[in-house]
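Here's upload-v1.txt, which has compact mmCIF, C-alpha atoms:
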# COMPACT_ATOMS: atom_id res chain seq x y z
CA MET R 1 -153.78 -57.22 45.40
CA ASP R 2 -151.79 -59.71 47.48
CA LYS R 3 -150.07 -57.73 50.24
CA THR R 4 -146.83 -59.53 49.45
CA ASP R 5 -146.91 -58.36 45.82
CA ILE R 6 -144.22 -55.79 45.11
CA ARG R 7 -145.68 -52.27 45.11
CA ASP R 8 -143.99 -49.18 43.74
CA ALA R 9 -142.93 -46.74 46.44
CA ALA R 10 -141.05 -43.49 46.88
CA THR R 11 -138.91 -42.35 49.80
CA ILE R 12 -137.29 -38.98 50.37
CA ILE R 13 -134.06 -38.10 52.15
CA VAL R 14 -133.95 -34.46 53.20
CA LEU R 15 -130.36 -33.44 53.93
CA ARG R 16 -129.63 -30.43 56.14
CA ASP R 17 -126.35 -28.55 56.56
CA PRO R 18 -124.28 -31.11 54.63
CA HIS R 19 -120.92 -29.32 54.98
CA ARG R 20 -120.84 -28.42 58.69
CA ALA R 21 -123.20 -30.74 60.56
CA PRO R 22 -125.07 -33.05 58.15
CA ALA R 23 -128.44 -34.28 59.38
CA VAL R 24 -131.41 -36.05 57.80
CA LEU R 25 -135.14 -35.84 58.51
CA MET R 26 -136.47 -39.05 60.07
CA GLY R 27 -139.35 -40.31 62.18
CA GLN R 28 -140.33 -43.46 64.01
CA ARG R 29 -142.95 -45.86 62.70
CA GLY R 30 -145.58 -47.07 65.16
CA LYS R 31 -144.89 -50.24 67.10
CA ASP R 32 -148.07 -51.78 65.66
CA ALA R 33 -147.29 -50.87 62.05
CA ALA R 34 -147.45 -53.78 59.61
CA PHE R 35 -144.21 -52.72 57.91
CA MET R 36 -141.01 -52.00 59.84
CA PRO R 37 -142.70 -51.43 63.23
CA GLY R 38 -140.82 -49.19 65.64
CA LYS R 39 -138.07 -48.37 63.14
CA PHE R 40 -136.72 -44.91 62.39
CA VAL R 41 -137.15 -44.22 58.70
CA PHE R 42 -137.17 -41.52 56.06
CA PRO R 43 -140.59 -40.23 54.97
CA GLY R 44 -142.04 -42.39 52.21
CA GLY R 45 -144.70 -44.82 51.11
CA ALA R 46 -146.53 -46.46 48.24
CA VAL R 47 -147.21 -44.60 45.00
CA ASP R 48 -150.87 -43.62 44.60
CA THR R 49 -152.73 -43.59 41.30
CA ASN R 50 -153.42 -39.88 41.71
CA ASP R 51 -149.68 -39.12 41.85
CA ALA R 52 -149.71 -39.43 38.06
CA MET R 53 -152.31 -36.66 37.79
CA VAL R 54 -150.56 -33.72 39.43
CA PRO R 55 -148.70 -30.82 37.78
CA ILE R 56 -145.06 -31.11 38.78
CA THR R 57 -141.85 -29.38 37.77
CA PRO R 58 -139.85 -32.23 36.18
CA LEU R 59 -136.53 -33.60 37.38
CA ASP R 60 -133.49 -32.87 35.29
CA LYS R 61 -132.87 -35.07 32.26
CA LEU R 62 -130.26 -37.33 33.86
CA HIS R 63 -132.40 -38.29 36.84
CA SER R 64 -135.49 -38.66 34.66
CA LYS R 65 -133.61 -41.04 32.39
CA ARG R 66 -132.37 -43.11 35.32
CA LEU R 67 -135.88 -43.36 36.76
CA THR R 68 -137.23 -44.81 33.50
CA GLU R 69 -134.87 -47.81 33.68
CA GLU R 70 -136.75 -50.99 34.62
CA SER R 71 -139.86 -48.99 35.53
CA HIS R 72 -143.41 -48.75 34.21
CA LEU R 73 -144.07 -45.46 36.03
CA THR R 74 -143.05 -42.03 34.82
CA PRO R 75 -140.33 -40.11 36.67
CA GLN R 76 -142.89 -37.39 37.43
CA THR R 77 -145.21 -39.89 39.13
CA LEU R 78 -142.45 -41.26 41.34
CA ALA R 79 -141.17 -37.81 42.26
CA ALA R 80 -144.69 -36.62 43.04
CA ALA R 81 -145.22 -39.59 45.34
CA ALA R 82 -142.06 -38.73 47.28
CA ILE R 83 -143.13 -35.09 47.68
CA ARG R 84 -146.64 -36.10 48.76
CA GLU R 85 -145.34 -38.54 51.35
CA LEU R 86 -143.04 -35.85 52.75
CA TRP R 87 -145.98 -33.48 53.02
CA GLU R 88 -148.26 -36.03 54.65
CA GLU R 89 -145.76 -37.43 57.13
CA THR R 90 -143.87 -34.27 58.13
CA GLY R 91 -145.91 -31.27 56.96
CA GLN R 92 -142.92 -30.09 54.91
CA ILE R 93 -143.38 -28.83 51.35
CA ILE R 94 -141.12 -29.02 48.32
CA GLY R 95 -142.92 -26.86 45.79
CA HIS R 96 -143.38 -23.54 44.10
CA LYS R 97 -146.21 -21.05 44.45
CA ALA R 98 -149.01 -21.93 42.02
CA LYS R 99 -152.76 -22.45 41.98
CA TRP R 100 -154.50 -25.71 41.11
CA ARG R 101 -157.63 -26.03 39.04
CA ASP R 102 -158.79 -29.30 40.57
CA ALA R 103 -156.39 -31.13 42.89
CA PRO R 104 -156.97 -34.91 43.10
CA LYS R 105 -157.60 -36.76 46.32
CA GLY R 106 -154.47 -36.96 48.44
CA TRP R 107 -153.21 -33.64 47.11
CA ARG R 108 -155.92 -31.23 48.22
CA GLY R 109 -154.15 -30.11 51.39
CA PHE R 110 -150.95 -29.50 49.43
CA ALA R 111 -152.91 -27.47 46.89
CA THR R 112 -154.72 -25.50 49.59
CA ALA R 113 -151.33 -24.43 50.94
CA GLY R 114 -150.80 -22.71 47.57
CA TYR R 115 -148.04 -24.84 46.06
CA GLN R 116 -147.41 -27.27 43.23
CA PRO R 117 -144.70 -29.94 43.67
CA ASN R 118 -141.18 -29.15 42.53
CA GLY R 119 -139.53 -32.26 41.12
CA ALA R 120 -136.51 -30.24 40.01
CA ALA R 121 -135.37 -30.17 43.65
CA LEU R 122 -135.05 -33.97 43.75
CA GLU R 123 -132.17 -36.25 42.84
CA PHE R 124 -132.73 -39.97 42.19
CA PHE R 125 -130.36 -41.42 44.76
CA PHE R 126 -131.02 -45.11 45.51
CA ARG R 127 -133.39 -47.97 44.72
CA ALA R 128 -134.27 -51.04 46.78
CA VAL R 129 -136.71 -53.95 46.67
CA THR R 130 -137.96 -55.37 49.97
CA PRO R 131 -136.67 -58.93 50.55
CA LYS R 132 -138.94 -61.92 50.10
CA GLY R 133 -140.79 -63.15 53.15
CA ARG R 134 -141.78 -59.71 54.48
CA THR R 135 -145.41 -58.79 55.21
CA ARG R 136 -145.14 -55.95 52.68
CA ARG R 137 -142.84 -55.68 49.66
CA PHE R 138 -141.94 -52.45 47.87
CA ASP R 139 -139.84 -51.35 44.94
CA ALA R 140 -138.73 -48.09 46.53
CA ARG R 141 -136.99 -45.22 44.81
CA PHE R 142 -135.08 -43.01 47.23
CA PHE R 143 -134.84 -39.34 46.36
CA LEU R 144 -132.38 -36.86 47.84
CA THR R 145 -133.16 -33.20 48.39
CA ARG R 146 -131.76 -30.37 50.49
CA ALA R 147 -133.45 -28.69 53.43
CA ASP R 148 -132.80 -25.41 51.62
CA ASP R 149 -135.37 -26.50 49.02
CA LEU R 150 -138.16 -26.72 51.59
CA VAL R 151 -140.56 -23.79 51.39
CA THR R 152 -141.78 -24.47 54.93
CA ASN R 153 -140.07 -24.00 58.29
CA PRO R 154 -137.83 -27.09 58.57
CA ASP R 155 -138.36 -27.27 62.34
CA ASP R 156 -142.16 -27.05 62.25
CA PHE R 157 -143.89 -30.43 62.03
CA GLY R 158 -147.29 -29.14 63.11
CA GLY R 159 -148.88 -30.09 59.77
CA ALA R 160 -147.75 -33.72 59.92
CA GLU R 161 -150.15 -36.64 60.03
CA ASP R 162 -149.64 -39.25 62.76
CA GLU R 163 -147.91 -41.98 60.74
CA LEU R 164 -144.43 -41.07 62.02
CA ALA R 165 -143.64 -40.12 65.61
CA HIS R 166 -140.58 -38.34 67.02
CA LEU R 167 -139.93 -36.39 63.82
CA GLN R 168 -136.48 -34.88 64.03
CA TRP R 169 -133.29 -33.95 62.26
CA VAL R 170 -130.94 -36.84 62.97
CA PRO R 171 -127.22 -35.98 62.78
CA LEU R 172 -125.49 -38.43 60.45
CA ALA R 173 -122.82 -38.99 63.08
CA GLU R 174 -125.50 -40.24 65.49
CA ALA R 175 -127.85 -42.05 63.09
CA ARG R 176 -126.54 -45.53 63.84
CA ASN R 177 -127.58 -45.09 67.48
CA PHE R 178 -131.21 -45.24 66.29
CA ASP R 179 -133.20 -48.40 65.53
CA LEU R 180 -132.82 -48.39 61.74
CA PRO R 181 -133.84 -50.90 59.06
CA PHE R 182 -130.86 -52.52 57.39
CA ILE R 183 -131.60 -50.83 54.07
CA THR R 184 -131.64 -47.43 55.77
CA GLN R 185 -128.15 -48.14 57.10
CA VAL R 186 -127.01 -48.94 53.57
CA VAL R 187 -128.54 -45.73 52.21
CA LEU R 188 -126.94 -43.65 54.97
CA ALA R 189 -123.55 -45.16 54.14
CA GLU R 190 -124.06 -44.19 50.50
CA LEU R 191 -125.08 -40.70 51.61
CA GLY R 192 -121.95 -40.36 53.72
CA GLY R 193 -119.86 -41.26 50.69
CA ARG R 194 -121.75 -38.74 48.60
CA ILE R 195 -121.05 -35.96 51.10
CA LYS R 196 -117.38 -36.89 51.28
CA ARG R 197 -117.06 -36.91 47.48
CA GLY R 198 -118.94 -33.67 47.14
CA GLU R 199 -120.62 -34.78 43.92
CA PRO R 200 -123.19 -37.34 42.73
CA ALA R 201 -122.24 -40.91 41.89
CA SER R 202 -121.97 -41.85 38.23
CA SER R 203 -124.86 -44.31 38.64
CA VAL R 204 -127.66 -45.24 41.07
CA PRO R 205 -127.27 -48.17 43.53
CA PHE R 206 -130.01 -50.79 43.14
CA PHE R 207 -130.56 -53.22 46.02
CA ARG R 208 -132.50 -55.87 44.11
CA ASN R 209 -132.97 -58.64 46.68
CA ASP R 210 -133.62 -61.14 43.90
CA ASP R 211 -130.30 -62.96 43.69
CA GLU R 212 -128.25 -64.05 46.70
CA LYS R 213 -125.04 -63.77 44.71
CA ASN R 214 -125.66 -60.22 43.52
CA LEU R 215 -127.83 -58.30 45.92
CA ILE R 216 -126.54 -54.85 45.04
CA SER R 217 -125.87 -53.48 41.59
CA ARG R 218 -126.11 -50.15 39.91
CA LEU R 219 -128.67 -49.32 37.28
CA GLY R 220 -127.13 -50.18 33.95
CA ASN R 221 -126.00 -53.58 35.35
CA ARG R 222 -122.84 -52.27 36.94
CA SER R 223 -122.02 -54.41 39.98
CA LEU R 224 -121.07 -52.92 43.36
CA LEU R 225 -119.61 -56.20 44.56

Encoded form using structure tokens:
Amino acid sequence: MDKTDIRDAATIIVLRDPHRAPAVLMGQRGKDAAFMPGKFVFPGGAVDTNDAMVPITPLDKLHSKRLTEESHLTPQTLAAAAIRELWEETGQIIGHKAKWRDAPKGWRGFATAGYQPNGAALEFFFRAVTPKGRTRRFDARFFLTRADDLVTNPDDFGGAEDELAHLQWVPLAEARNFDLPFITQVVLAELGGRIKRGEPASSVPFFRNDDEKNLISRLGNRSLL
């Protein structure tokens, strides 16, 4: 595959204490990383083939329906990818106690911990395609979940792999002081609006990056501009 081909990806926003002191879980990519070097980002990455093979509690019907729009992957596959990336990059688990018969590669550590992924804890929140001209391009679905849905200690990152450094809960009020990708700034602005409204938006923002006159729309062809 050409590295500039658009790959499906999943990203997860874990929101903590949204009413008193909202914060999100973020980490810093390595300075030598091929994609967004040195930037603070949410956990996430490309969808793996094995993400379609895991037992997962499904998302609710509304979010599942939205995830099927303009997508060849199932909602369960995308949600599983987000949960796996969270596990790999932070050591945090969104799941429920259950045994696996034969966990596929990439999921064996998760299974050994004694959990199966819980897609019901995820909300489909945002979607964005990496602009042309970048070394890597992704069609990323952003999922939102609450720190209360973690079954692990939210302050313990001892099980994390080394892809993200400086893992921490970033207060929303201070997030713009960090070196953030532009799209992360857009997502954080949407999240701030969500917290202020106190309820989900009626549709999902889609940052398409395929038309200079209409970069952002909402799934269902509703324009944000």

Excluding R:Gly27 and its own-chain neighbours fewer than 2 positions away, which residues fall within 9 Å of it when counting all atoms listed in the file? Please give them as a PyMOL selection string. chain R and resi 25+29+39-43+89-90+163-169

Env of R:Pro55: 12 Å cut, atoms = all atoms listed in the file, seq-sep filter 2 positions within chain, self excluded. Answer as an NGL selection string. :R and (50-53 or 57-58 or 76-77 or 79-80 or 95-96 or 98-104 or 107 or 110-111 or 115-119)

R:Gly106, R:Arg146, R:Pro22, R:Val151: which is nearest R:Glu174, counting all atoms listed in the file?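 Once distances to R:Glu174 are computed over all atoms listed in the file, the minimum belongs to R:Pro22.
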
Excluding R:Glu123 and residues on its chain fewer than 5 positions from it, collect all residues at most 12 Å away from it, counting only C-alpha atoms, and give them as a PyMOL selection string. chain R and resi 11-15+58-67+75+78-79+82+118+141-146+149+199-201+203-204

Between R:Leu191, R:Arg134, R:Ile93, R:Gly38, which residue has the minimum interatomic distance to R:Phe157, considering all atoms listed in the file?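 Nearest to R:Phe157: R:Ile93.
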
Point-to-point distance from atom CA of R:Phe182 to atom CA of R:Lys196, Å rounded to tenths: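 These two atoms are separated by 21.5 Å.
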
Just how far from atom CA of R:Phe207 is atom CA of R:Val186, in Å to one decimal?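 These two atoms are separated by 9.4 Å.
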
State, in Å with one decimal place, the distance from atom CA of R:Phe124 to atom CA of R:Pro181.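 Value for the atom CA of R:Phe124-atom CA of R:Pro181 distance: 20.1 Å.
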
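Distances from R:Gly159, R:Pro37, R:Gly133, R:Pro154 to R:Asn209 were compared using only C-alpha atoms, and the smallest one belongs to R:Gly133.
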
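Using only C-alpha atoms, the smallest distance between any of R:Arg137, R:Arg127, R:Ala9, R:Arg108 and R:Ala46 comes from R:Ala9.
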
From the set R:Glu69, R:Asp17, R:Glu88, R:Asp179, which residue has the shortest atom-to-atom contact distance to R:Gly158, counting all atoms listed in the file? R:Glu88

With distances taken over all atoms listed in the file, which residue among R:Lys31, R:Arg7, R:Arg84, R:Arg208 lies nearest R:Ala160?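 Closest residue, counting all atoms listed in the file: R:Arg84.
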